[in-house]
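Q: My file is input_9.txt. It has compact mmCIF, C-alpha atoms:
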# COMPACT_ATOMS: atom_id res chain seq x y z
CA MET J 756 59.67 131.37 177.71
CA ASN J 757 63.30 131.03 176.89
CA SER J 758 64.02 127.40 176.04
CA CYS J 759 67.77 127.82 176.08
CA GLU J 760 67.75 128.53 179.80
CA GLY J 761 70.00 126.16 181.66
CA THR J 762 71.63 124.70 178.56
CA SER J 763 75.21 125.52 177.81
CA ILE J 764 76.41 126.94 174.52
CA ALA J 765 78.23 123.67 173.87
CA GLU J 766 75.03 121.71 174.33
CA ARG J 767 73.08 123.99 172.01
CA LYS J 768 75.76 123.73 169.37
CA PHE J 769 75.84 119.95 169.67
CA ARG J 770 72.06 119.71 169.36
CA LYS J 771 72.03 121.96 166.35
CA GLU J 772 74.71 120.02 164.55
CA LEU J 773 73.19 116.67 165.40
CA ASN J 774 69.74 117.81 164.32
CA ALA J 775 70.88 119.13 160.96
CA GLY J 776 70.47 115.76 159.24
CA THR J 777 68.34 113.93 161.79
CA VAL J 778 65.31 116.14 161.24
CA SER J 779 65.33 115.41 157.50
CA LEU J 780 65.54 111.68 158.20
CA VAL J 781 62.72 111.82 160.76
CA LEU J 782 60.43 113.80 158.45
CA LEU J 783 61.10 111.50 155.51
CA ALA J 784 60.54 108.39 157.63
CA LEU J 785 57.37 109.81 159.15
CA LEU J 786 55.86 110.64 155.76
CA ALA J 787 56.85 107.20 154.42
CA ARG J 788 55.27 105.49 157.42
CA GLU J 789 52.01 107.43 157.35
CA GLN J 790 51.47 106.69 153.63
CA ARG J 791 49.24 109.72 153.23
CA PRO J 792 49.89 113.41 152.66
CA LEU J 793 50.29 115.40 155.88
CA TYR J 794 50.26 119.17 156.38
CA GLY J 795 52.89 121.07 158.34
CA TYR J 796 50.92 121.59 161.51
CA GLU J 797 49.79 117.95 161.52
CA ILE J 798 53.41 116.80 161.20
CA ALA J 799 54.44 119.09 164.06
CA ARG J 800 51.65 117.73 166.27
CA LEU J 801 52.46 114.14 165.39
CA LEU J 802 56.13 114.64 166.24
CA ALA J 803 55.25 116.42 169.48
CA TRP J 804 53.02 113.48 170.38
CA ILE J 805 55.67 110.88 169.54
CA SER J 806 58.48 112.73 171.31
CA ASP J 807 56.35 113.49 174.39
CA ASP J 808 57.90 116.54 175.99
CA GLU J 809 61.38 116.19 174.55
CA PRO J 810 60.93 117.53 171.00
CA LEU J 811 63.80 117.21 168.59
CA VAL J 812 63.57 120.81 167.38
CA LYS J 813 61.29 123.80 167.55
CA GLN J 814 58.25 123.21 165.37
CA GLY J 815 59.14 126.29 163.40
CA ALA J 816 62.34 124.57 162.28
CA LEU J 817 60.39 121.83 160.52
CA TYR J 818 59.00 124.05 157.78
CA PRO J 819 62.30 125.07 156.18
CA VAL J 820 63.40 121.42 156.22
CA LEU J 821 60.15 120.34 154.55
CA ARG J 822 60.72 122.98 151.91
CA GLY J 823 64.30 121.88 151.40
CA LEU J 824 63.24 118.25 150.98
CA SER J 825 60.62 119.31 148.44
CA ALA J 826 63.18 121.36 146.54
CA ALA J 827 65.41 118.29 146.40
CA GLY J 828 62.52 116.27 144.95
CA LEU J 829 62.25 113.93 147.94
CA LEU J 830 58.82 115.27 148.83
CA ARG J 831 56.07 116.78 146.74
CA SER J 832 53.68 119.36 148.12
CA PHE J 833 50.30 120.79 147.21
CA VAL J 834 47.93 123.29 148.76
CA GLU J 835 44.39 122.44 149.70
CA PRO J 836 41.79 124.67 151.27
CA SER J 837 40.63 123.59 154.72
CA VAL J 838 37.19 123.80 156.25
CA ALA J 839 38.42 125.71 159.29
CA GLY J 840 41.28 128.15 158.96
CA PRO J 841 43.77 128.94 156.22
CA PRO J 842 44.63 126.66 153.28
CA ARG J 843 47.05 123.90 154.17
CA ARG J 844 50.17 122.82 152.36
CA TYR J 845 50.32 119.03 152.30
CA TYR J 846 53.53 117.05 151.90
CA GLU J 847 53.89 113.57 150.44
CA ILE J 848 56.97 111.39 149.94
CA THR J 849 58.06 110.75 146.33
CA ASP J 850 59.60 107.61 144.85
CA SER J 851 63.06 109.15 144.93
CA GLY J 852 62.31 110.14 148.55
CA ARG J 853 61.67 106.47 149.38
CA ARG J 854 64.88 105.42 147.67
CA GLU J 855 66.81 108.09 149.55
CA LEU J 856 65.17 107.07 152.82
CA LYS J 857 66.47 103.55 152.32
CA ASN J 858 70.03 104.85 151.94
CA TRP J 859 69.68 107.24 154.84
CA SER J 860 68.30 104.67 157.25
CA HIS J 861 71.15 102.35 156.28
CA ILE J 862 73.63 105.12 157.14
CA TRP J 863 71.72 105.89 160.33
CA ARG J 864 71.91 102.27 161.51
CA LYS J 865 75.62 102.13 160.84
CA VAL J 866 76.23 105.40 162.69
CA THR J 867 74.08 104.53 165.70
CA ARG J 868 75.70 101.09 165.94
CA LEU J 869 79.11 102.71 165.98
CA VAL J 870 78.11 105.39 168.49
CA ASP J 871 76.46 102.80 170.73
CA ILE J 872 79.53 100.63 170.72
CA VAL J 873 81.77 103.52 171.70
CA LEU J 874 79.32 105.07 174.13
CA ILE J 875 77.44 102.28 175.89
CA LYS J 876 79.59 99.19 175.92
CA GLU J 877 81.57 98.74 179.09
CA PRO J 878 85.24 99.18 178.40
CA VAL J 879 86.63 95.70 177.85
CA PRO J 880 89.77 95.02 179.89
CA PRO J 881 92.58 93.98 177.57
CA GLU J 882 93.33 90.65 179.28
CA GLU J 883 89.66 89.58 179.14
CA GLU J 884 89.63 90.26 175.45
CA THR J 885 92.56 87.98 174.82
CA THR J 886 90.93 85.04 176.66
CA GLN J 887 87.79 85.21 174.54
CA MET X 1211 63.64 140.96 171.49
CA SER X 1212 60.94 142.39 173.69
CA SER X 1213 60.41 140.40 176.85
CA HIS X 1214 56.64 139.91 177.01
CA ALA X 1215 54.90 137.21 174.96
CA PRO X 1216 53.24 138.21 171.66
CA GLN X 1217 49.59 139.04 172.15
CA SER X 1218 48.20 138.26 168.71
CA ILE X 1219 49.20 136.47 165.54
CA GLN X 1220 49.77 139.81 163.86
CA ASP X 1221 51.98 140.83 166.77
CA TYR X 1222 53.99 137.61 166.39
CA LEU X 1223 54.38 138.11 162.63
CA ASP X 1224 55.41 141.74 163.11
CA ARG X 1225 58.10 140.68 165.56
CA LEU X 1226 59.27 137.93 163.24
CA ARG X 1227 59.57 140.47 160.43
CA GLU X 1228 61.47 142.76 162.79
CA ALA X 1229 63.82 139.94 163.80
CA LEU X 1230 64.48 139.16 160.13
CA ALA X 1231 65.07 142.81 159.24
CA GLY X 1232 67.87 143.15 156.72
CA ALA X 1233 67.57 139.54 155.59
CA ASP X 1234 66.77 138.54 152.01
CA ALA X 1235 63.20 139.68 151.27
CA ALA X 1236 62.38 136.28 149.80
CA ILE X 1237 63.34 134.51 153.06
CA ILE X 1238 61.19 136.92 155.05
CA GLN X 1239 58.20 136.17 152.84
CA ASP X 1240 58.66 132.40 153.23
CA ALA X 1241 59.18 132.57 157.00
CA LEU X 1242 56.06 134.72 157.47
CA TYR X 1243 54.01 132.35 155.33
CA ASP X 1244 55.04 129.31 157.38
CA ALA X 1245 54.47 131.02 160.73
CA GLN X 1246 51.08 132.31 159.65
CA GLU X 1247 49.95 128.89 158.44
CA HIS X 1248 51.10 127.21 161.65
CA LEU X 1249 49.66 129.78 164.03
CA HIS X 1250 46.28 129.82 162.31
CA ALA X 1251 46.18 126.02 162.32
CA GLU X 1252 46.85 126.13 166.06
CA MET X 1253 44.06 128.70 166.46
CA SER X 1254 41.55 126.54 164.63
CA GLN X 1255 42.56 123.57 166.83
CA ASN X 1256 41.59 125.58 169.90
CA PRO X 1257 38.23 127.13 169.14
CA GLY X 1258 36.95 129.42 171.86
CA LYS X 1259 40.38 130.43 173.10
CA SER X 1260 41.68 133.93 172.53
CA GLU X 1261 44.76 134.56 170.40
CA SER X 1262 46.89 135.54 173.40
CA GLU X 1263 45.95 132.34 175.26
CA VAL X 1264 46.95 130.19 172.30
CA LEU X 1265 50.12 132.14 171.58
CA GLY X 1266 51.61 131.72 175.05
CA PRO X 1267 52.43 128.01 174.72
CA ILE X 1268 53.15 128.33 171.00
CA VAL X 1269 56.19 130.50 171.57
CA SER X 1270 57.83 127.58 173.37
CA SER X 1271 56.69 124.87 170.93
CA TYR X 1272 56.95 126.69 167.58
CA GLY X 1273 59.77 128.96 168.68
CA SER X 1274 59.99 132.63 169.56
CA PRO X 1275 60.25 135.14 166.69
CA GLY X 1276 63.97 135.51 167.45
CA GLU X 1277 64.60 131.76 167.37
CA ILE X 1278 62.62 131.32 164.16
CA ALA X 1279 64.50 134.15 162.49
CA GLU X 1280 67.80 132.49 163.43
CA ILE X 1281 66.62 129.11 162.10
CA TYR X 1282 65.59 130.52 158.71
CA LEU X 1283 68.77 132.50 158.27
CA GLU X 1284 70.99 129.54 159.13
CA ASN X 1285 69.02 127.10 157.03
CA GLU X 1286 69.17 129.35 154.01
CA ASP X 1287 72.93 129.69 154.33
CA ARG X 1288 73.43 125.96 154.58
CA ILE X 1289 71.20 125.14 151.61
CA ARG X 1290 72.70 127.87 149.45
CA THR X 1291 76.24 126.71 150.02
CA ALA X 1292 75.30 123.05 149.53
CA MET X 1293 73.11 123.35 146.43
CA ARG X 1294 74.88 126.09 144.53
CA THR X 1295 77.05 125.00 141.66
CA PRO X 1296 80.46 126.54 142.16
CA ARG X 1297 81.16 129.31 139.70
CA PRO X 1298 84.50 129.21 137.96
CA GLN X 1299 86.69 131.83 139.59
CA VAL X 1300 88.02 133.82 136.67
CA HIS X 1301 87.85 137.38 137.89
CA ASP X 1302 91.57 138.04 137.91
CA SER X 1303 92.54 135.88 134.95
CA PRO X 1304 93.53 137.51 131.63
CA TRP X 1305 90.67 138.66 129.43
CA PRO X 1306 90.88 135.94 126.73
CA LYS X 1307 90.38 133.34 129.45
CA ARG X 1308 87.53 135.32 130.96
CA PHE X 1309 85.93 135.60 127.52
CA VAL X 1310 86.17 131.87 126.81
CA SER X 1311 85.01 130.87 130.32
CA VAL X 1312 81.46 131.93 129.43
CA PHE X 1313 81.10 128.81 127.28
CA ALA X 1314 81.36 126.68 130.42
CA ASP X 1315 78.99 128.81 132.50
CA PRO X 1316 75.55 127.16 132.78
CA GLN X 1317 74.20 130.51 133.95
CA ALA X 1318 74.77 132.05 130.51
CA TYR X 1319 72.78 129.32 128.74
CA LEU X 1320 69.98 129.46 131.33
CA ALA X 1321 69.81 133.23 130.91
CA ALA X 1322 69.56 132.74 127.13
CA LEU X 1323 66.69 130.33 127.73
CA TYR X 1324 64.97 132.90 129.90
CA LEU X 1325 65.39 135.63 127.29
CA LEU X 1326 63.78 133.41 124.65
CA LEU X 1327 60.99 132.40 127.03
CA ALA X 1328 60.32 136.00 128.05
CA LEU X 1329 58.40 136.66 124.84
CA LEU X 1330 55.87 133.91 125.64
CA THR X 1331 55.46 134.82 129.30
CA GLY X 1332 55.39 138.51 128.37
CA ILE X 1333 52.53 138.02 125.92
CA PHE X 1334 50.66 135.94 128.48
CA TYR X 1335 51.09 138.37 131.40
CA PHE X 1336 50.37 141.42 129.28
CA THR X 1337 47.17 140.05 127.74
CA THR X 1338 45.94 138.78 131.12
CA VAL X 1339 46.49 142.13 132.81
CA VAL X 1340 45.33 144.40 129.97
CA SER X 1341 42.24 142.42 129.00
CA GLY X 1342 41.35 141.85 132.66
CA LEU X 1343 41.68 145.52 133.51
CA ALA X 1344 39.92 146.68 130.33
CA ILE X 1345 36.95 144.38 130.79
CA GLY X 1346 36.83 145.12 134.53
CA LEU X 1347 36.93 148.89 134.02
CA GLY X 1348 34.43 148.71 131.20
CA LEU X 1349 32.03 146.72 133.30
CA SER X 1350 32.60 148.76 136.44
CA ILE X 1351 29.35 150.62 135.76
CA THR X 1352 27.64 147.26 136.30
CA ILE X 1353 27.87 145.04 139.35
CA VAL X 1354 30.43 142.54 137.98
CA GLY X 1355 33.14 145.09 137.12
CA ILE X 1356 34.67 145.58 140.56
CA PRO X 1357 34.81 141.85 141.46
CA LEU X 1358 36.45 141.26 138.09
CA LEU X 1359 39.08 143.92 138.81
CA LEU X 1360 39.79 142.31 142.19
CA LEU X 1361 40.09 138.95 140.46
CA VAL X 1362 42.74 140.46 138.17
CA LEU X 1363 44.71 141.65 141.22
CA ALA X 1364 44.47 138.16 142.74
CA ALA X 1365 45.61 136.56 139.47
CA VAL X 1366 48.54 138.98 139.28
CA ARG X 1367 49.68 137.93 142.77
CA LEU X 1368 49.68 134.31 141.65
CA LEU X 1369 51.48 135.13 138.39
CA ALA X 1370 54.13 136.96 140.41
CA LEU X 1371 54.87 133.76 142.32
CA VAL X 1372 55.06 131.70 139.10
CA GLU X 1373 57.31 134.28 137.45
CA GLY X 1374 59.48 134.24 140.58
CA ARG X 1375 59.97 130.49 140.21
CA ILE X 1376 61.00 130.90 136.54
CA VAL X 1377 63.35 133.78 137.38
CA GLU X 1378 65.00 131.82 140.20
CA ALA X 1379 65.45 128.72 138.04
CA CYS X 1380 66.94 130.58 135.06
CA LEU X 1381 68.58 133.68 136.48
CA ASP X 1382 69.86 132.41 139.84
CA VAL X 1383 68.16 135.11 141.89
CA ARG X 1384 66.54 134.04 145.15
CA MET X 1385 62.78 134.63 144.82
CA PRO X 1386 59.96 133.80 147.25
CA ARG X 1387 58.62 130.25 147.23
CA ARG X 1388 55.42 131.05 149.02
CA PRO X 1389 52.86 133.73 148.21
CA ARG X 1390 53.04 137.04 150.02
CA THR X 1391 51.22 136.88 153.34
CA LEU X 1392 48.37 139.20 154.08
CA PRO X 1393 47.22 139.76 157.64
CA ARG X 1394 43.97 137.90 158.11
CA ASP X 1395 41.56 140.75 158.41
CA LYS X 1396 38.16 140.50 159.98
CA THR X 1397 36.23 141.32 156.85
CA LEU X 1398 36.73 140.75 153.17
CA TRP X 1399 36.52 144.51 152.71
CA ASP X 1400 39.56 145.06 154.97
CA ARG X 1401 41.50 142.50 152.96
CA ILE X 1402 40.57 144.20 149.70
CA LYS X 1403 41.61 147.57 151.06
CA ARG X 1404 44.95 146.15 152.12
CA VAL X 1405 45.66 144.62 148.71
CA VAL X 1406 44.77 147.89 146.98
CA ARG X 1407 46.97 149.93 149.34
CA ASP X 1408 49.90 147.51 149.06
CA GLY X 1409 52.56 149.15 146.89
CA ARG X 1410 53.72 145.72 145.74
CA THR X 1411 50.37 145.04 144.04
CA TRP X 1412 51.01 147.97 141.70
CA THR X 1413 54.69 147.30 141.05
CA THR X 1414 53.76 143.70 140.23
CA LEU X 1415 51.18 144.97 137.77
CA LEU X 1416 53.84 147.24 136.27
CA TYR X 1417 56.21 144.28 135.95
CA MET X 1418 53.56 142.25 134.12
CA LEU X 1419 53.02 145.10 131.64
CA LEU X 1420 56.76 145.74 131.19
CA GLN X 1421 57.34 142.07 130.48
CA LEU X 1422 55.87 142.37 126.96
CA PRO X 1423 58.16 145.11 125.56
CA LEU X 1424 61.10 143.62 127.46
CA GLY X 1425 60.20 140.13 126.26
CA ILE X 1426 60.08 141.30 122.63
CA THR X 1427 63.44 143.06 122.98
CA TYR X 1428 65.10 140.11 124.73
CA PHE X 1429 63.69 137.65 122.21
CA ALA X 1430 64.82 139.75 119.25
CA ILE X 1431 68.34 140.18 120.61
CA ALA X 1432 68.71 136.53 121.60
CA ILE X 1433 67.21 135.00 118.46
CA THR X 1434 69.11 137.13 115.94
CA SER X 1435 72.51 136.88 117.57
CA LEU X 1436 72.15 133.16 118.38
CA SER X 1437 70.93 132.18 114.92
CA LEU X 1438 73.59 134.28 113.20
CA ALA X 1439 76.31 132.77 115.38
CA ILE X 1440 75.08 129.21 114.87
CA GLY X 1441 74.67 129.81 111.13
CA LEU X 1442 78.25 131.04 110.85
CA ILE X 1443 79.60 128.17 112.93
CA LEU X 1444 77.83 125.60 110.74
CA SER X 1445 78.73 127.32 107.45
CA PRO X 1446 81.33 124.68 106.34
CA VAL X 1447 78.74 121.92 106.80
CA LEU X 1448 75.96 123.92 105.15
CA SER X 1449 78.20 124.72 102.24
CA LEU X 1450 79.06 121.02 101.83
CA PHE X 1451 75.35 120.29 101.44
CA GLY X 1452 75.11 122.79 98.64
CA ALA X 1453 73.98 125.96 100.40
CA SER X 1454 75.70 129.00 98.99
CA ILE X 1455 77.29 131.15 101.68
CA GLU X 1456 77.11 134.73 100.53
CA ILE X 1457 78.48 137.88 102.08
CA PRO X 1458 76.65 140.73 100.27
CA PRO X 1459 79.35 142.99 98.82
CA TYR X 1460 81.78 140.15 97.99
CA GLY X 1461 79.43 137.41 96.84
CA ASP X 1462 80.00 133.68 97.31
CA VAL X 1463 82.49 132.47 99.88
CA PRO X 1464 84.57 129.55 98.65
CA TRP X 1465 84.33 126.43 100.79
CA LEU X 1466 87.96 126.59 101.86
CA LEU X 1467 87.34 129.94 103.53
CA THR X 1468 84.25 128.87 105.49
CA PRO X 1469 86.26 127.76 108.56
CA VAL X 1470 87.10 131.44 108.99
CA LEU X 1471 83.36 132.09 109.24
CA THR X 1472 83.13 129.35 111.88
CA LEU X 1473 85.75 131.21 113.88
CA PHE X 1474 83.73 134.42 113.58
CA GLY X 1475 80.63 132.48 114.65
CA MET X 1476 82.34 131.17 117.78
CA MET X 1477 83.40 134.71 118.68
CA LEU X 1478 79.90 135.98 118.10
CA LEU X 1479 78.47 133.16 120.23
CA GLY X 1480 80.85 134.11 123.04
CA ILE X 1481 79.78 137.74 122.84
CA THR X 1482 76.13 136.67 122.75
CA LEU X 1483 76.53 134.52 125.86
CA HIS X 1484 78.20 137.41 127.69
CA LEU X 1485 75.34 139.63 126.61
CA THR X 1486 72.64 137.16 127.70
CA ARG X 1487 74.33 136.71 131.07
CA TRP X 1488 74.42 140.45 131.53
CA LEU X 1489 70.79 140.88 130.43
CA GLY X 1490 69.83 138.01 132.76
CA GLY X 1491 71.47 139.80 135.66
CA PHE X 1492 69.69 143.00 134.75
CA HIS X 1493 66.30 141.28 134.54
CA GLY X 1494 66.88 139.38 137.80
CA ALA X 1495 67.55 142.66 139.59
CA LEU X 1496 64.42 144.19 138.02
CA ALA X 1497 62.29 141.22 139.11
CA ARG X 1498 63.57 141.48 142.67
CA ARG X 1499 62.96 145.20 142.76
CA LEU X 1500 59.39 145.03 141.46
CA LEU X 1501 58.20 141.62 142.70
CA VAL X 1502 59.94 141.25 146.06
CA GLN X 1503 61.38 144.40 147.54
CA ALA X 1504 58.72 146.98 146.73
CA GLY X 1505 56.12 147.75 149.36
CA ARG X 1506 57.79 145.67 152.06
Output the structure of this file as structure tokens.

A:
Amino acid sequence: MNSCEGTSIAERKFRKELNAGTVSLVLLALLAREQRPLYGYEIARLLAWISDDEPLVKQGALYPVLRGLSAAGLLRSFVEPSVAGPPRRYYEITDSGRRELKNWSHIWRKVTRLVDIVLIKEPVPPEEETTQ
Amino acid sequence: MSSHAPQSIQDYLDRLREALAGADAAIIQDALYDAQEHLHAEMSQNPGKSESEVLGPIVSSYGSPGEIAEIYLENEDRIRTAMRTPRPQVHDSPWPKRFVSVFADPQAYLAALYLLLALLTGIFYFTTVVSGLAIGLGLSITIVGIPLLLLVLAAVRLLALVEGRIVEACLDVRMPRRPRTLPRDKTLWDRIKRVVRDGRTWTTLLYMLLQLPLGITYFAIAITSLSLAIGLILSPVLSLFGASIEIPPYGDVPWLLTPVLTLFGMMLLGITLHLTRWLGGFHGALARRLLVQAGR
């Protein structure tokens, strides 16, 4: 049951800090891509399906982020009754959400490019660099 | 946290509430709402399975009650510190500075707005509750009376959420953003019984009734002191346009002396803003007591 088994405190802390902004970006991008209102459970399922068995965060962590994005005016939400089960709260991206998404994805690309360069690229020997 | 997996949705929600014990009541209400919505959606995706079968895997995908509690508490902290406008720190400065600082405090103006608005909302809540209850009770000898009374209780729950939004926006008190969760009982009758037994239903009703006398008082205080202060401040201008500024026992005030009145007006406005901020704090505490904390 315990998902933290086998992960160190440092790893948990790193995940948490990394996820703090990433989840907002993912949710905003997902809602922009789908171009239709989605409800919380649907979003959780969609993300689980996309991420296979390596989910970004616990599904329960998505709801507070959705609420935060709505409070900031990047999403709008409304409740609709469902045929089976309880009423669902649907979320939809707003115009300012789309504008913000543009900025965020720009930042994201810059950050990932930088991280990739530092992380992936083979260290270039100094003499090789001077010949090029 | 107890070691075995939750057996039912109610069990899960109870444990979540337990894990959040001591946290802000408004956070607890929101967290329970989200968990209930998610768990019931999962249930309706798996028809024919029992609650305990569905809940097993959910604890690892949605998160255990302990993990969820941690997430909500952390998230709330982060958002509060990020979104909150920093208050000017004037607690240990000399009193003239403390007095003047109220002019720069958005909270004082928002509280004044709330006090003026309270008359409108008060009239609306009061008439809804009183006419609903009166008609419902009157008709209770017929078949429509009881459903009407229940409708009033349902409307009051909704009004409590709306009022909570207004209170949070104007008075800077954290109020729930989602309606209060009710365990999904088997029958409608069980649900009705639960609403009637819930202490919060009755304190909410009390709040709605109190809002009228309070609203009248707030409105009267705010409107008289604000209009007097603004009138005094503008007295030089008014007097230029030919209005006669009169102070009863002494008669007309000559134009050259009207700036003194402006000074008085500014002082009165300062006092008024201090008063509205204080009244706003008082009302915020009342709203939390009656709309959030009661009948937990």

Q: Enumerate as a PyMOL selection string the residues belonging to chain X that approach chain J to within 6 Å, with all atoms listed in the file taken into account.

A: chain X and resi 1248+1254+1271-1273

Q: Tell me which protein, DNA and RNA residues are within 7 Å of Ser832 of chain J, counting only C-alpha atoms, leaving out same-chain ones fewer than 5 positions away, and put them as a PyMOL selection string.

A: chain J and resi 825+844-847

Q: Find the distance between atom CA of Arg791 of chain J and atom CA of Lys857 of chain J and write it in Å to one decimal.

A: 18.3 Å

Q: So which one's closest to Phe1474 of chain X, X:Val1377, X:Leu1448, X:Ala1235, X:Leu1438? Using all atoms listed in the file, please.

A: X:Leu1438

Q: What's the separation between atom CA of Val1264 of chain X and atom CA of Glu1252 of chain X, in Å to one decimal place?

A: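 Taking atom CA of Val1264 of chain X as the start and atom CA of Glu1252 of chain X as the end point, the length is 7.4 Å.
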
Q: Extract, using only C-alpha atoms, all DNA, RNA and protein residues at most 12 Å from Met1253 of chain X, discarding same-chain residues fewer than 3 positions from it, and format them as a PDB file with C-alpha atoms, in the coordinates of the input.

A:
ATOM      1  CA  TYR J 796      50.920 121.590 161.510  1.00  0.00           C
ATOM      2  CA  ALA J 839      38.420 125.710 159.290  1.00  0.00           C
ATOM      3  CA  GLY J 840      41.280 128.150 158.960  1.00  0.00           C
ATOM      4  CA  PRO J 841      43.770 128.940 156.220  1.00  0.00           C
TER       5      PRO J 841
ATOM      6  CA  SER X1218      48.200 138.260 168.710  1.00  0.00           C
ATOM      7  CA  ILE X1219      49.200 136.470 165.540  1.00  0.00           C
ATOM      8  CA  GLN X1246      51.080 132.310 159.650  1.00  0.00           C
ATOM      9  CA  GLU X1247      49.950 128.890 158.440  1.00  0.00           C
ATOM     10  CA  HIS X1248      51.100 127.210 161.650  1.00  0.00           C
ATOM     11  CA  LEU X1249      49.660 129.780 164.030  1.00  0.00           C
ATOM     12  CA  HIS X1250      46.280 129.820 162.310  1.00  0.00           C
ATOM     13  CA  ASN X1256      41.590 125.580 169.900  1.00  0.00           C
ATOM     14  CA  PRO X1257      38.230 127.130 169.140  1.00  0.00           C
ATOM     15  CA  GLY X1258      36.950 129.420 171.860  1.00  0.00           C
ATOM     16  CA  LYS X1259      40.380 130.430 173.100  1.00  0.00           C
ATOM     17  CA  SER X1260      41.680 133.930 172.530  1.00  0.00           C
ATOM     18  CA  GLU X1261      44.760 134.560 170.400  1.00  0.00           C
ATOM     19  CA  SER X1262      46.890 135.540 173.400  1.00  0.00           C
ATOM     20  CA  GLU X1263      45.950 132.340 175.260  1.00  0.00           C
ATOM     21  CA  VAL X1264      46.950 130.190 172.300  1.00  0.00           C
ATOM     22  CA  LEU X1265      50.120 132.140 171.580  1.00  0.00           C
ATOM     23  CA  GLY X1266      51.610 131.720 175.050  1.00  0.00           C
ATOM     24  CA  PRO X1267      52.430 128.010 174.720  1.00  0.00           C
ATOM     25  CA  ILE X1268      53.150 128.330 171.000  1.00  0.00           C
TER      26      ILE X1268
END

Q: In Å, how far is it from atom CA of Leu786 of chain J to atom CA of Gly828 of chain J?

A: 13.9 Å

Q: Counting all atoms listed in the file, which residue out of J:Ala765, J:Leu802, J:Ile872, J:Leu780 sits closest to Arg853 of chain J?

A: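 With all atoms listed in the file as the atom set, the closest residue is J:Leu780.
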
Q: Under the rule that all atoms listed in the file are counted, which of X:Ile1356, X:Leu1496, X:Ile1455, X:Ala1318 is the nearest residue to Thr1472 of chain X?

A: X:Ile1455

Q: Determine the nearest neighbour of Leu830 of chain J from the options J:Ala787, J:Leu811, J:Ile875, J:Ile798, counting all atoms listed in the file.

A: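 Of the candidates, the smallest distance to Leu830 of chain J is held by J:Ala787.
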
Q: Will you model N, CA, C and O atoms for segment 817-827 of chain J and pass it back as a compact mmCIF listing (two decimals), in the coordinates of the input?

A:
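Output (out.txt):
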# COMPACT_ATOMS: atom_id res chain seq x y z
N LEU J 817 60.77 122.91 161.42
CA LEU J 817 60.39 121.83 160.52
C LEU J 817 60.07 122.36 159.13
O LEU J 817 60.38 121.72 158.13
N TYR J 818 59.47 123.54 159.07
CA TYR J 818 59.00 124.05 157.78
C TYR J 818 60.13 124.26 156.77
O TYR J 818 60.01 123.84 155.62
N PRO J 819 61.23 124.92 157.17
CA PRO J 819 62.30 125.07 156.18
C PRO J 819 62.86 123.73 155.72
O PRO J 819 63.25 123.60 154.56
N VAL J 820 62.88 122.73 156.62
CA VAL J 820 63.40 121.42 156.22
C VAL J 820 62.45 120.77 155.22
O VAL J 820 62.88 120.21 154.21
N LEU J 821 61.14 120.88 155.49
CA LEU J 821 60.15 120.34 154.55
C LEU J 821 60.32 120.97 153.18
O LEU J 821 60.27 120.30 152.15
N ARG J 822 60.55 122.28 153.18
CA ARG J 822 60.72 122.98 151.91
C ARG J 822 61.98 122.53 151.19
O ARG J 822 61.98 122.31 149.99
N GLY J 823 63.05 122.33 151.99
CA GLY J 823 64.30 121.88 151.40
C GLY J 823 64.16 120.49 150.79
O GLY J 823 64.65 120.23 149.69
N LEU J 824 63.45 119.60 151.50
CA LEU J 824 63.24 118.25 150.98
C LEU J 824 62.40 118.28 149.70
O LEU J 824 62.63 117.50 148.78
N SER J 825 61.43 119.19 149.66
CA SER J 825 60.62 119.31 148.44
C SER J 825 61.48 119.81 147.28
O SER J 825 61.35 119.33 146.16
N ALA J 826 62.33 120.79 147.59
CA ALA J 826 63.18 121.36 146.54
C ALA J 826 64.12 120.30 145.98
O ALA J 826 64.45 120.31 144.80
N ALA J 827 64.51 119.34 146.85
CA ALA J 827 65.41 118.29 146.40
C ALA J 827 64.65 117.15 145.71
O ALA J 827 65.25 116.17 145.29
